[in-house]
Structure formats: structure tokens, C-alpha cells
file input.cif (mmCIF, C-alpha atoms)
data_upload
loop_
_atom_site.group_PDB
_atom_site.id
_atom_site.type_symbol
_atom_site.label_atom_id
_atom_site.label_comp_id
_atom_site.auth_asym_id
_atom_site.auth_seq_id
_atom_site.Cartn_x
_atom_site.Cartn_y
_atom_site.Cartn_z
ATOM 1 C CA MET Y 1 83.659 250.153 68.596
ATOM 2 C CA MET Y 2 83.079 251.796 71.974
ATOM 3 C CA SER Y 3 80.620 254.308 70.533
ATOM 4 C CA ASP Y 4 78.650 251.529 68.796
ATOM 5 C CA SER Y 5 78.105 249.620 72.031
ATOM 6 C CA SER Y 6 77.096 252.772 73.890
ATOM 7 C CA SER Y 7 74.630 253.647 71.099
ATOM 8 C CA VAL Y 8 73.084 250.186 71.308
ATOM 9 C CA ALA Y 9 72.820 250.436 75.104
ATOM 10 C CA GLU Y 10 71.256 253.865 74.781
ATOM 11 C CA LEU Y 11 68.721 252.600 72.221
ATOM 12 C CA ARG Y 12 67.823 249.697 74.506
ATOM 13 C CA GLN Y 13 67.358 252.066 77.438
ATOM 14 C CA ASN Y 14 65.150 254.354 75.348
ATOM 15 C CA LYS Y 15 63.104 251.351 74.209
ATOM 16 C CA ASP Y 16 62.751 250.131 77.811
ATOM 17 C CA ASP Y 17 61.682 253.621 78.915
ATOM 18 C CA ASP Y 18 59.118 253.780 76.095
ATOM 19 C CA VAL Y 19 57.711 250.367 77.047
ATOM 20 C CA LEU Y 20 57.436 251.397 80.704
ATOM 21 C CA GLU Y 21 55.663 254.615 79.719
ATOM 22 C CA LEU Y 22 53.255 252.690 77.486
ATOM 23 C CA ASN Y 23 52.551 250.232 80.305
ATOM 24 C CA LYS Y 24 51.777 253.110 82.679
ATOM 25 C CA ASP Y 25 49.463 254.679 80.083
ATOM 26 C CA LEU Y 26 47.714 251.352 79.525
ATOM 27 C CA GLU Y 27 47.253 250.814 83.272
ATOM 28 C CA ARG Y 28 45.785 254.312 83.624
ATOM 29 C CA MET Y 29 43.383 253.728 80.709
ATOM 30 C CA ILE Y 30 42.288 250.391 82.173
ATOM 31 C CA GLU Y 31 41.676 252.004 85.552
ATOM 32 C CA ASP Y 32 39.655 254.793 83.910
ATOM 33 C CA ALA Y 33 37.577 252.205 82.020
ATOM 34 C CA GLU Y 34 36.972 250.286 85.259
ATOM 35 C CA ASN Y 35 35.867 253.483 87.012
ATOM 36 C CA MET Y 36 33.456 254.279 84.182
ATOM 37 C CA SER Y 37 32.091 250.750 84.374
ATOM 38 C CA VAL Y 38 31.442 251.155 88.096
ATOM 39 C CA GLN Y 39 29.719 254.505 87.522
ATOM 40 C CA LEU Y 40 27.544 253.023 84.762
ATOM 41 C CA THR Y 41 26.615 250.105 87.006
ATOM 42 C CA TRP Y 42 25.522 252.494 89.767
ATOM 43 C CA MET Y 43 23.568 254.570 87.257
ATOM 44 C CA ALA Y 44 21.754 251.453 86.033
ATOM 45 C CA TYR Y 45 21.076 250.397 89.628
ATOM 46 C CA ASP Y 46 19.682 253.848 90.437
ATOM 47 C CA MET Y 47 17.427 253.770 87.370
ATOM 48 C CA VAL Y 48 16.056 250.350 88.306
ATOM 49 C CA ALA Y 49 15.495 251.472 91.899
ATOM 50 C CA LEU Y 50 13.680 254.630 90.770
ATOM 51 C CA ARG Y 51 11.486 252.714 88.333
ATOM 52 C CA THR Y 52 10.700 250.104 90.955
ATOM 53 C CA ASN Y 53 9.831 252.680 93.625
ATOM 54 C CA PRO Y 54 8.949 256.144 92.215
ATOM 55 C CA GLU Y 55 8.713 257.580 95.753
ATOM 56 C CA LEU Y 56 12.442 257.034 96.078
ATOM 57 C CA GLY Y 57 13.094 260.075 93.882
ATOM 58 C CA ALA Y 58 11.133 262.343 96.206
ATOM 59 C CA SER Y 59 12.940 260.854 99.204
ATOM 60 C CA MET Y 60 16.296 261.464 97.553
ATOM 61 C CA LEU Y 61 15.376 265.119 96.910
ATOM 62 C CA LYS Y 62 14.394 265.578 100.558
ATOM 63 C CA LEU Y 63 17.674 263.989 101.624
ATOM 64 C CA GLU Y 64 19.643 266.295 99.310
ATOM 65 C CA GLU Y 65 17.826 269.351 100.702
ATOM 66 C CA ALA Y 66 18.499 268.217 104.286
ATOM 67 C CA TYR Y 67 22.175 267.708 103.422
ATOM 68 C CA GLN Y 68 22.415 271.205 101.942
ATOM 69 C CA ARG Y 69 20.781 272.763 105.039
ATOM 70 C CA CYS Y 70 23.108 270.814 107.329
ATOM 71 C CA ARG Y 71 26.168 271.762 105.290
ATOM 72 C CA ALA Y 72 25.120 275.418 105.337
ATOM 73 C CA ALA Y 73 24.752 275.304 109.122
ATOM 74 C CA VAL Y 74 28.107 273.587 109.654
ATOM 75 C CA CYS Y 75 29.978 275.791 107.204
ATOM 76 C CA ALA Y 76 28.179 279.056 108.043
ATOM 77 C CA ASP Y 77 30.992 280.552 110.114
ATOM 78 C CA ARG Y 78 33.579 281.136 107.384
ATOM 79 C CA ASP Y 79 35.465 283.768 109.452
ATOM 80 C CA GLN Y 80 37.153 281.039 111.454
ATOM 81 C CA GLU Y 81 39.664 278.716 109.856
ATOM 82 C CA PRO Y 82 37.701 275.619 108.699
ATOM 83 C CA GLU Y 83 38.960 272.162 109.478
ATOM 84 C CA PRO Y 84 40.679 270.545 106.479
ATOM 85 C CA GLY Y 85 38.168 268.722 104.299
ATOM 86 C CA ARG Y 86 35.229 269.874 106.376
ATOM 87 C CA CYS Y 87 33.601 272.274 103.931
ATOM 88 C CA PRO Y 88 35.121 271.976 100.468
ATOM 89 C CA ASP Y 89 34.105 274.616 97.968
#
call {"tool": "encode", "arguments": {"input": "input.cif", "output": "C-alpha cells"}}
result
Amino acid sequence: MMSDSSSVAELRQNKDDDVLELNKDLERMIEDAENMSVQLTWMAYDMVALRTNPELGASMLKLEEAYQRCRAAVCADRDQEPEPGRCPD
């Protein structure tokens, strides 16, 4: 009788563990879907903004180029130890 009750308890524990694992997986999938939804919303917003104002694209390119020049200037001295998070590769 003792082994039967321990087997039942073990099966219940395994079932509870499986349910918890499934819940974690479901939460992760929901979070991933939410993140994709946010990214798609921003993409749609960007498309509408670019269609509304075509000059915005040129401005964004200039901003990207300025960012790259600034980053190159800040991160140029690689001989010294960079600050954490300052110039990620």
C-alpha cells in the first residue's frame, strides 16, 4: 500500500510540474506574440509616416549617418578599456 500512495503522489507531482512548464511556455509565447505585435505596429506607423512625408526618409538617413560618425568618434580609442555598454559590437 505504501508504494501505491507514493506512486500516486509522484504522478501528481509530475503532472503539476508539466502544467507549470506548459504555463511558462504559454506565457513566453504570449510575450513573443505581443512583442511582434508592437514591432508590426511601429512598422505600420513608419510606413504611414514615410508615405505622408517622403522627405522623412532622407532625414532618417542623415540621422543614421550622423549616429554612425558619432559612434565611430566615441568608440575610436579601442586600446583603452571601454565603459560597459558604451560601444557594443
call {"tool": "atom_distance", "arguments": {"input": "input.cif", "atom1": "CA of Thr41 (chain Y)", "atom2": "CA of Arg28 (chain Y)"}}
result
19.9 Å
call {"tool": "atom_distance", "arguments": {"input": "input.cif", "atom1": "CA of Gly57 (chain Y)", "atom2": "CA of Ala44 (chain Y)"}}
result
14.5 Å
call {"tool": "atom_distance", "arguments": {"input": "input.cif", "atom1": "CA of Leu61 (chain Y)", "atom2": "CA of Asn35 (chain Y)"}}
result
25.6 Å
call {"tool": "axis_aligned_box", "arguments": {"input": "input.cif", "around": "region 25-42 of chain Y", "padding_each_side": "3 Å", "output": "AutoDock Vina command-line options"}}
result
--center_x 37.5 --center_y 252.4 --center_z 84.6 --size_x 29.9 --size_y 10.7 --size_z 16.2
